[in-house]
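Here is the file coords34.cif (mmCIF, C-alpha atoms).
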data_model
loop_
_atom_site.group_PDB
_atom_site.id
_atom_site.type_symbol
_atom_site.label_atom_id
_atom_site.label_comp_id
_atom_site.auth_asym_id
_atom_site.auth_seq_id
_atom_site.Cartn_x
_atom_site.Cartn_y
_atom_site.Cartn_z
ATOM 1 C CA MET A 133 17.509 7.653 20.920
ATOM 2 C CA THR A 134 13.808 8.242 20.577
ATOM 3 C CA GLY A 135 11.782 10.791 18.643
ATOM 4 C CA ILE A 136 9.455 13.437 20.001
ATOM 5 C CA GLY A 137 6.405 11.195 20.143
ATOM 6 C CA LYS A 138 4.250 12.900 17.519
ATOM 7 C CA ASN A 139 2.346 11.321 14.637
ATOM 8 C CA VAL A 140 0.940 14.335 12.745
ATOM 9 C CA ILE A 141 3.217 16.734 10.889
ATOM 10 C CA ILE A 142 2.014 20.132 9.704
ATOM 11 C CA TRP A 143 4.539 21.345 7.152
ATOM 12 C CA ASP A 144 5.177 24.900 6.090
ATOM 13 C CA TRP A 145 5.792 25.114 2.335
ATOM 14 C CA ASN A 146 7.905 28.113 1.270
ATOM 15 C CA GLY A 147 11.428 27.850 2.628
ATOM 16 C CA THR A 148 10.768 24.523 4.344
ATOM 17 C CA LEU A 149 9.979 21.997 1.614
ATOM 18 C CA LEU A 150 10.201 24.429 -1.312
ATOM 19 C CA ASP A 151 13.515 26.191 -1.885
ATOM 20 C CA ASP A 152 12.352 29.547 -3.262
ATOM 21 C CA LEU A 153 15.022 31.681 -1.603
ATOM 22 C CA ASP A 154 16.733 32.789 -4.811
ATOM 23 C CA ILE A 155 13.589 33.993 -6.554
ATOM 24 C CA CYS A 156 12.507 35.863 -3.421
ATOM 25 C CA ILE A 157 15.847 37.675 -3.347
ATOM 26 C CA ASN A 158 15.791 38.362 -7.090
ATOM 27 C CA GLY A 159 12.202 39.560 -6.883
ATOM 28 C CA ILE A 160 12.676 41.995 -4.033
ATOM 29 C CA ASN A 161 15.870 43.321 -5.600
ATOM 30 C CA LYS A 162 13.921 44.248 -8.717
ATOM 31 C CA TYR A 163 11.690 46.566 -6.688
ATOM 32 C CA LEU A 164 14.562 47.892 -4.590
ATOM 33 C CA LYS A 165 16.486 48.758 -7.758
ATOM 34 C CA ASP A 166 13.434 50.499 -9.240
ATOM 35 C CA ARG A 167 13.414 52.790 -6.176
ATOM 36 C CA ASN A 168 17.177 53.306 -5.933
ATOM 37 C CA LEU A 169 17.275 51.433 -2.630
ATOM 38 C CA PRO A 170 20.179 49.188 -1.534
ATOM 39 C CA LEU A 171 19.954 45.649 -2.905
ATOM 40 C CA VAL A 172 20.163 42.569 -0.682
ATOM 41 C CA ASN A 173 22.374 39.512 -0.931
ATOM 42 C CA LYS A 174 21.480 36.132 0.554
ATOM 43 C CA LYS A 175 23.147 36.851 3.889
ATOM 44 C CA ARG A 176 21.397 40.177 4.439
ATOM 45 C CA TYR A 177 18.067 38.784 3.271
ATOM 46 C CA ARG A 178 18.201 35.907 5.759
ATOM 47 C CA ASP A 179 19.304 38.296 8.489
ATOM 48 C CA ILE A 180 16.350 40.678 8.052
ATOM 49 C CA PHE A 181 13.456 38.725 6.546
ATOM 50 C CA ARG A 182 10.575 38.603 9.010
ATOM 51 C CA PHE A 183 6.843 38.716 9.551
ATOM 52 C CA PRO A 184 4.728 40.703 9.239
ATOM 53 C CA ILE A 185 5.951 41.197 5.681
ATOM 54 C CA GLU A 186 5.073 44.893 5.783
ATOM 55 C CA SER A 187 7.623 45.394 8.565
ATOM 56 C CA TYR A 188 10.263 43.551 6.545
ATOM 57 C CA TYR A 189 9.530 45.803 3.562
ATOM 58 C CA ARG A 190 9.937 48.878 5.761
ATOM 59 C CA ASP A 191 13.275 47.520 7.011
ATOM 60 C CA LEU A 192 14.384 47.422 3.374
ATOM 61 C CA GLY A 193 13.514 51.091 2.938
ATOM 62 C CA PHE A 194 10.149 50.992 1.193
ATOM 63 C CA ASN A 195 8.041 54.046 2.025
ATOM 64 C CA PHE A 196 4.335 53.345 2.258
ATOM 65 C CA GLU A 197 3.477 57.009 2.289
ATOM 66 C CA ASN A 198 4.363 57.031 -1.397
ATOM 67 C CA GLU A 199 2.854 53.685 -2.345
ATOM 68 C CA THR A 200 0.692 51.037 -0.725
ATOM 69 C CA PHE A 201 1.875 47.821 0.832
ATOM 70 C CA ASP A 202 -0.861 45.860 -0.961
ATOM 71 C CA LYS A 203 0.211 47.140 -4.401
ATOM 72 C CA LEU A 204 3.870 46.285 -3.744
ATOM 73 C CA SER A 205 2.832 42.829 -2.525
ATOM 74 C CA GLU A 206 0.769 42.244 -5.663
ATOM 75 C CA ASP A 207 3.671 43.327 -7.872
ATOM 76 C CA PHE A 208 6.126 41.122 -5.981
ATOM 77 C CA LEU A 209 3.867 38.085 -6.293
ATOM 78 C CA LYS A 210 3.577 38.587 -10.058
ATOM 79 C CA THR A 211 7.370 38.586 -10.294
ATOM 80 C CA TYR A 212 7.573 35.593 -7.940
ATOM 81 C CA PHE A 213 5.280 33.413 -10.025
ATOM 82 C CA LEU A 214 6.947 34.453 -13.287
ATOM 83 C CA GLN A 215 10.170 33.008 -11.847
ATOM 84 C CA PHE A 216 8.559 30.017 -10.153
ATOM 85 C CA SER A 217 10.027 27.538 -12.642
ATOM 86 C CA GLN A 218 13.417 28.265 -11.055
ATOM 87 C CA THR A 219 12.364 26.867 -7.668
ATOM 88 C CA ARG A 220 13.155 23.367 -6.471
ATOM 89 C CA LEU A 221 12.484 21.134 -3.520
ATOM 90 C CA PHE A 222 15.153 21.058 -0.848
ATOM 91 C CA GLU A 223 17.517 18.116 -1.062
ATOM 92 C CA ASN A 224 15.993 14.852 0.221
ATOM 93 C CA THR A 225 12.490 16.346 0.504
ATOM 94 C CA GLU A 226 10.700 13.441 -1.147
ATOM 95 C CA ASN A 227 12.833 10.862 0.646
ATOM 96 C CA VAL A 228 11.935 12.442 3.993
ATOM 97 C CA LEU A 229 8.227 12.607 3.135
ATOM 98 C CA GLN A 230 8.252 8.995 1.989
ATOM 99 C CA LYS A 231 10.061 7.725 5.079
ATOM 100 C CA LEU A 232 7.666 9.588 7.373
ATOM 101 C CA GLN A 233 4.648 8.302 5.488
ATOM 102 C CA LEU A 234 5.938 4.734 5.746
ATOM 103 C CA ALA A 235 6.564 5.292 9.465
ATOM 104 C CA GLY A 236 2.880 6.105 9.930
ATOM 105 C CA PHE A 237 2.947 9.892 10.133
ATOM 106 C CA SER A 238 -0.001 11.846 8.750
ATOM 107 C CA GLN A 239 1.292 14.888 6.872
ATOM 108 C CA TYR A 240 -0.330 18.211 6.038
ATOM 109 C CA ILE A 241 0.780 21.475 4.450
ATOM 110 C CA LEU A 242 -0.143 24.821 5.989
ATOM 111 C CA SER A 243 0.893 27.884 3.995
ATOM 112 C CA ALA A 244 0.113 31.576 3.616
ATOM 113 C CA MET A 245 0.324 31.067 -0.168
ATOM 114 C CA ASP A 246 -3.105 31.310 -1.792
ATOM 115 C CA GLN A 247 -4.883 27.961 -2.080
ATOM 116 C CA LYS A 248 -4.858 27.619 -5.870
ATOM 117 C CA SER A 249 -1.187 28.550 -6.251
ATOM 118 C CA LEU A 250 -0.256 26.294 -3.350
ATOM 119 C CA GLU A 251 -2.038 23.273 -4.802
ATOM 120 C CA ASN A 252 -0.502 23.903 -8.228
ATOM 121 C CA SER A 253 3.003 24.319 -6.848
ATOM 122 C CA VAL A 254 2.849 21.132 -4.769
ATOM 123 C CA LYS A 255 1.414 19.281 -7.767
ATOM 124 C CA LYS A 256 4.268 20.578 -9.957
ATOM 125 C CA PHE A 257 6.733 18.555 -7.904
ATOM 126 C CA GLY A 258 4.626 15.394 -7.865
ATOM 127 C CA ILE A 259 4.380 15.105 -4.075
ATOM 128 C CA THR A 260 0.669 15.760 -3.478
ATOM 129 C CA GLY A 261 0.083 12.133 -2.512
ATOM 130 C CA TYR A 262 2.122 12.451 0.671
ATOM 131 C CA PHE A 263 -0.346 14.884 2.225
ATOM 132 C CA GLU A 264 -3.732 14.350 3.807
ATOM 133 C CA LYS A 265 -4.655 17.963 3.088
ATOM 134 C CA ILE A 266 -3.026 21.062 1.632
ATOM 135 C CA ALA A 267 -4.267 24.222 3.352
ATOM 136 C CA GLY A 268 -3.545 27.655 1.911
ATOM 137 C CA ALA A 269 -4.926 31.170 2.125
ATOM 138 C CA PRO A 270 -8.186 32.277 0.476
ATOM 139 C CA ASN A 271 -6.496 35.096 -1.465
ATOM 140 C CA LEU A 272 -3.139 36.499 -2.573
ATOM 141 C CA LEU A 273 -2.834 39.057 0.219
ATOM 142 C CA ALA A 274 -3.455 36.932 3.284
ATOM 143 C CA LYS A 275 -1.625 38.368 6.290
ATOM 144 C CA GLY A 276 -0.775 35.178 8.148
ATOM 145 C CA LYS A 277 -1.646 31.540 8.612
ATOM 146 C CA LEU A 278 -2.743 31.175 12.221
ATOM 147 C CA GLU A 279 -6.410 31.281 11.238
ATOM 148 C CA TYR A 280 -5.898 28.569 8.607
ATOM 149 C CA GLY A 281 -3.979 26.478 11.096
ATOM 150 C CA MET A 282 -6.826 26.591 13.574
ATOM 151 C CA GLN A 283 -9.261 25.725 10.788
ATOM 152 C CA LEU A 284 -7.090 22.815 9.633
ATOM 153 C CA ILE A 285 -6.945 21.319 13.114
ATOM 154 C CA ALA A 286 -10.709 21.696 13.498
ATOM 155 C CA ASP A 287 -11.628 20.389 10.033
ATOM 156 C CA GLU A 288 -9.346 17.358 10.309
ATOM 157 C CA ASN A 289 -10.198 16.757 13.979
ATOM 158 C CA LEU A 290 -6.505 16.599 14.820
ATOM 159 C CA ASN A 291 -5.320 15.837 18.323
ATOM 160 C CA ARG A 292 -2.952 18.696 19.183
ATOM 161 C CA GLU A 293 -0.977 16.450 21.506
ATOM 162 C CA GLY A 294 0.079 14.417 18.483
ATOM 163 C CA CYS A 295 0.932 17.350 16.213
ATOM 164 C CA VAL A 296 4.179 19.114 15.374
ATOM 165 C CA LEU A 297 4.668 22.031 13.001
ATOM 166 C CA ILE A 298 7.803 22.173 10.846
ATOM 167 C CA GLY A 299 8.722 25.547 9.365
ATOM 168 C CA ASP A 300 11.640 27.818 8.588
ATOM 169 C CA THR A 301 10.852 31.118 10.336
ATOM 170 C CA LEU A 302 10.162 32.500 13.785
ATOM 171 C CA HIS A 303 6.639 33.165 12.528
ATOM 172 C CA ASP A 304 6.166 29.403 12.238
ATOM 173 C CA GLN A 305 7.192 29.101 15.886
ATOM 174 C CA GLU A 306 4.698 31.827 16.786
ATOM 175 C CA VAL A 307 1.937 30.010 14.899
ATOM 176 C CA ALA A 308 2.815 26.746 16.649
ATOM 177 C CA ASN A 309 2.753 28.492 20.017
ATOM 178 C CA GLU A 310 -0.694 29.910 19.308
ATOM 179 C CA LEU A 311 -1.877 26.475 18.186
ATOM 180 C CA HIS A 312 -0.396 24.976 21.371
ATOM 181 C CA ILE A 313 1.755 22.494 19.483
ATOM 182 C CA PRO A 314 5.571 22.131 19.334
ATOM 183 C CA ALA A 315 7.649 23.208 16.349
ATOM 184 C CA ILE A 316 10.859 22.234 14.621
ATOM 185 C CA LEU A 317 12.483 25.042 12.637
ATOM 186 C CA VAL A 318 14.689 24.206 9.650
ATOM 187 C CA SER A 319 17.475 26.711 9.076
ATOM 188 C CA ALA A 320 17.966 26.098 5.343
ATOM 189 C CA GLY A 321 15.237 28.573 4.384
ATOM 190 C CA HIS A 322 14.458 32.245 4.887
ATOM 191 C CA GLN A 323 16.038 32.831 8.318
ATOM 192 C CA THR A 324 19.399 31.901 9.818
ATOM 193 C CA ALA A 325 19.980 29.277 12.489
ATOM 194 C CA LYS A 326 21.215 31.998 14.840
ATOM 195 C CA ARG A 327 17.902 33.833 14.603
ATOM 196 C CA LEU A 328 15.822 30.672 14.836
ATOM 197 C CA LYS A 329 17.565 29.421 17.989
ATOM 198 C CA ILE A 330 16.353 32.360 20.080
ATOM 199 C CA ASN A 331 14.454 31.237 23.180
ATOM 200 C CA GLY A 332 15.783 27.703 22.806
ATOM 201 C CA ASN A 333 13.639 26.788 19.796
ATOM 202 C CA ALA A 334 14.233 23.331 18.305
ATOM 203 C CA VAL A 335 16.266 23.886 15.141
ATOM 204 C CA ALA A 336 17.408 21.430 12.458
ATOM 205 C CA GLY A 337 19.922 22.279 9.773
ATOM 206 C CA SER A 338 18.178 20.215 7.094
ATOM 207 C CA LEU A 339 15.143 18.049 6.454
ATOM 208 C CA PRO A 340 17.065 14.841 7.276
ATOM 209 C CA GLU A 341 18.007 16.409 10.630
ATOM 210 C CA ALA A 342 14.346 17.233 11.223
ATOM 211 C CA TYR A 343 13.527 13.608 10.422
ATOM 212 C CA GLN A 344 15.999 12.478 13.074
ATOM 213 C CA LEU A 345 14.449 14.824 15.661
ATOM 214 C CA LEU A 346 10.992 13.465 14.811
ATOM 215 C CA THR A 347 11.778 9.768 14.802
ATOM 216 C CA GLY A 348 15.013 9.335 16.738
ATOM 217 C CA ASN A 349 16.359 7.407 13.743
ATOM 218 C CA ARG A 350 19.286 8.244 11.525
ATOM 219 C CA PHE A 351 18.260 9.306 8.040
#
Please express what this file holds, its structure, as structure tokens.
Amino acid sequence: MTGIGKNVIIWDWNGTLLDDLDICINGINKYLKDRNLPLVNKKRYRDIFRFPIESYYRDLGFNFENETFDKLSEDFLKTYFLQFSQTRLFENTENVLQKLQLAGFSQYILSAMDQKSLENSVKKFGITGYFEKIAGAPNLLAKGKLEYGMQLIADENLNREGCVLIGDTLHDQEVANELHIPAILVSAGHQTAKRLKINGNAVAGSLPEAYQLLTGNRF
């Protein structure tokens, strides 16, 4: 068995390497409860979470005639970072990163999280050294990461033919499509495997499974 023939990995952060699912659910439930809207459990959250985030919020029942999306996003992020100490890396994250580094892969992070928070959160887990560059958004309310992905490829002079993006949402697949690179979606994060497999997307159930798809080797 052989891998997919790539040597540059562009990692998503939230929901792919960082397991922040619980604090996202707890955070949004706080604001749903404040508005007497139905709360979400893990199953419902993973069934409905999507990009753009404003559409996901509307699916939950938030009414942006009565409040603004930007204000709700700011409030949610405050709650998110207050709970950030409860996050963890997915199982085997560092082992996977180390094995890929030793195998000669260059690794990057591309995230819609703001740059400062992204750098601090990666540093918190002691894994900064595995990445050539960590690319985040310029502010807290960035709408997506396609622009930063294009900038990352240009700044690092990356050959798209050698790149693969690994994320946990259909938005990551959309970004990869726009960047003209393949993607592997990991179903342990914010969306279910059933949703991710639409259109025949490559889906792994865990980071070790993604490693096997990349290299063709057992973890």
- Hits of the PyMOL selection byres ((chain A and resi 284-289) around 9) in this structure, as a list in words: Tyr240, Leu242, Lys265, Ala267, Glu279, Tyr280, Gly281, Met282, Gln283, Leu290, Asn291, Arg292 and Leu311 of chain A
- Excluding same-chain residues fewer than 2 positions from Gln305 (chain A), what lies within 8 Å of it counting all atoms listed in the file, as number ranges by chain? A: 299, 301-303, 307-309, 314-317, 333
Residues of region 240-292 of chain A that approach region 143-162 of chain A to 9 Å or less, counting all atoms listed in the file: could you list each one with the shortest pair of atoms and its distance in Å to one decimal, rows by chain and increasing residue number, as a tab-separated table?
residue	atom	partner	partner_atom	distance
A:Tyr240	CA	A:Trp143	CA	5.9
A:Ile241	CA	A:Trp143	CA	4.6
A:Leu242	CA	A:Asp144	CA	5.3
A:Ser243	CA	A:Asp144	CA	5.6
A:Ala244	CA	A:Trp145	CA	8.7
A:Met245	CA	A:Asn146	CA	8.3
A:Leu250	CA	A:Trp145	CA	8.4
A:Val254	CA	A:Trp145	CA	8.7
- For CA of Ile259 (chain A) and CA of Phe208 (chain A), determine how far apart the two atoms are, in Å to one decimal place.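 Spanning CA of Ile259 (chain A) to CA of Phe208 (chain A) is a straight-line distance of 26.1 Å.
Considering all atoms listed in the file, the residue among A:Ala320, A:Ala336, A:Leu229, A:Ala269 positioned nearest to Lys248 (chain A) is A:Ala269.
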Incomplete region 154-178 of chain A filled out to N, CA and C atoms as an mmCIF file, in the frame of the given file:
data_model
loop_
_atom_site.group_PDB
_atom_site.id
_atom_site.type_symbol
_atom_site.label_atom_id
_atom_site.label_comp_id
_atom_site.auth_asym_id
_atom_site.auth_seq_id
_atom_site.Cartn_x
_atom_site.Cartn_y
_atom_site.Cartn_z
ATOM 1 N N ASP A 154 16.113 31.985 -3.753
ATOM 2 C CA ASP A 154 16.733 32.789 -4.811
ATOM 3 C C ASP A 154 15.722 33.682 -5.520
ATOM 4 N N ILE A 155 14.541 33.149 -5.827
ATOM 5 C CA ILE A 155 13.589 33.993 -6.554
ATOM 6 C C ILE A 155 12.994 35.072 -5.647
ATOM 7 N N CYS A 156 12.956 34.818 -4.347
ATOM 8 C CA CYS A 156 12.507 35.863 -3.421
ATOM 9 C C CYS A 156 13.523 37.006 -3.369
ATOM 10 N N ILE A 157 14.800 36.652 -3.362
ATOM 11 C CA ILE A 157 15.847 37.675 -3.347
ATOM 12 C C ILE A 157 15.865 38.434 -4.667
ATOM 13 N N ASN A 158 15.809 37.702 -5.782
ATOM 14 C CA ASN A 158 15.791 38.362 -7.090
ATOM 15 C C ASN A 158 14.584 39.264 -7.242
ATOM 16 N N GLY A 159 13.432 38.785 -6.760
ATOM 17 C CA GLY A 159 12.202 39.560 -6.883
ATOM 18 C C GLY A 159 12.250 40.854 -6.099
ATOM 19 N N ILE A 160 12.670 40.773 -4.837
ATOM 20 C CA ILE A 160 12.676 41.995 -4.033
ATOM 21 C C ILE A 160 13.735 42.958 -4.537
ATOM 22 N N ASN A 161 14.833 42.438 -5.063
ATOM 23 C CA ASN A 161 15.870 43.321 -5.600
ATOM 24 C C ASN A 161 15.381 44.105 -6.814
ATOM 25 N N LYS A 162 14.492 43.516 -7.575
ATOM 26 C CA LYS A 162 13.921 44.248 -8.717
ATOM 27 C C LYS A 162 13.235 45.518 -8.243
ATOM 28 N N TYR A 163 12.456 45.411 -7.177
ATOM 29 C CA TYR A 163 11.690 46.566 -6.688
ATOM 30 C C TYR A 163 12.559 47.521 -5.887
ATOM 31 N N LEU A 164 13.594 47.003 -5.250
ATOM 32 C CA LEU A 164 14.562 47.892 -4.590
ATOM 33 C C LEU A 164 15.316 48.712 -5.634
ATOM 34 N N LYS A 165 15.746 48.063 -6.695
ATOM 35 C CA LYS A 165 16.486 48.758 -7.758
ATOM 36 C C LYS A 165 15.617 49.832 -8.403
ATOM 37 N N ASP A 166 14.351 49.525 -8.631
ATOM 38 C CA ASP A 166 13.434 50.499 -9.240
ATOM 39 C C ASP A 166 13.319 51.763 -8.401
ATOM 40 N N ARG A 167 13.565 51.654 -7.098
ATOM 41 C CA ARG A 167 13.414 52.790 -6.176
ATOM 42 C C ARG A 167 14.761 53.321 -5.679
ATOM 43 N N ASN A 168 15.829 52.876 -6.318
ATOM 44 C CA ASN A 168 17.177 53.306 -5.933
ATOM 45 C C ASN A 168 17.497 53.016 -4.474
ATOM 46 N N LEU A 169 17.000 51.874 -3.994
ATOM 47 C CA LEU A 169 17.275 51.433 -2.630
ATOM 48 C C LEU A 169 18.353 50.357 -2.657
ATOM 49 N N PRO A 170 19.108 50.192 -1.563
ATOM 50 C CA PRO A 170 20.179 49.188 -1.534
ATOM 51 C C PRO A 170 19.640 47.776 -1.782
ATOM 52 N N LEU A 171 20.344 47.024 -2.619
ATOM 53 C CA LEU A 171 19.954 45.649 -2.905
ATOM 54 C C LEU A 171 20.388 44.733 -1.759
ATOM 55 N N VAL A 172 19.819 43.530 -1.726
ATOM 56 C CA VAL A 172 20.163 42.569 -0.682
ATOM 57 C C VAL A 172 20.851 41.358 -1.293
ATOM 58 N N ASN A 173 21.821 40.816 -0.569
ATOM 59 C CA ASN A 173 22.374 39.512 -0.931
ATOM 60 C C ASN A 173 21.734 38.461 -0.025
ATOM 61 N N LYS A 174 22.124 37.211 -0.206
ATOM 62 C CA LYS A 174 21.480 36.132 0.554
ATOM 63 C C LYS A 174 21.679 36.302 2.058
ATOM 64 N N LYS A 175 22.878 36.695 2.459
ATOM 65 C CA LYS A 175 23.147 36.851 3.889
ATOM 66 C C LYS A 175 22.255 37.922 4.501
ATOM 67 N N ARG A 176 22.208 39.097 3.869
ATOM 68 C CA ARG A 176 21.397 40.177 4.439
ATOM 69 C C ARG A 176 19.914 39.814 4.430
ATOM 70 N N TYR A 177 19.468 39.193 3.348
ATOM 71 C CA TYR A 177 18.067 38.784 3.271
ATOM 72 C C TYR A 177 17.705 37.876 4.448
ATOM 73 N N ARG A 178 18.518 36.857 4.686
ATOM 74 C CA ARG A 178 18.201 35.907 5.759
ATOM 75 C C ARG A 178 18.356 36.525 7.147
#
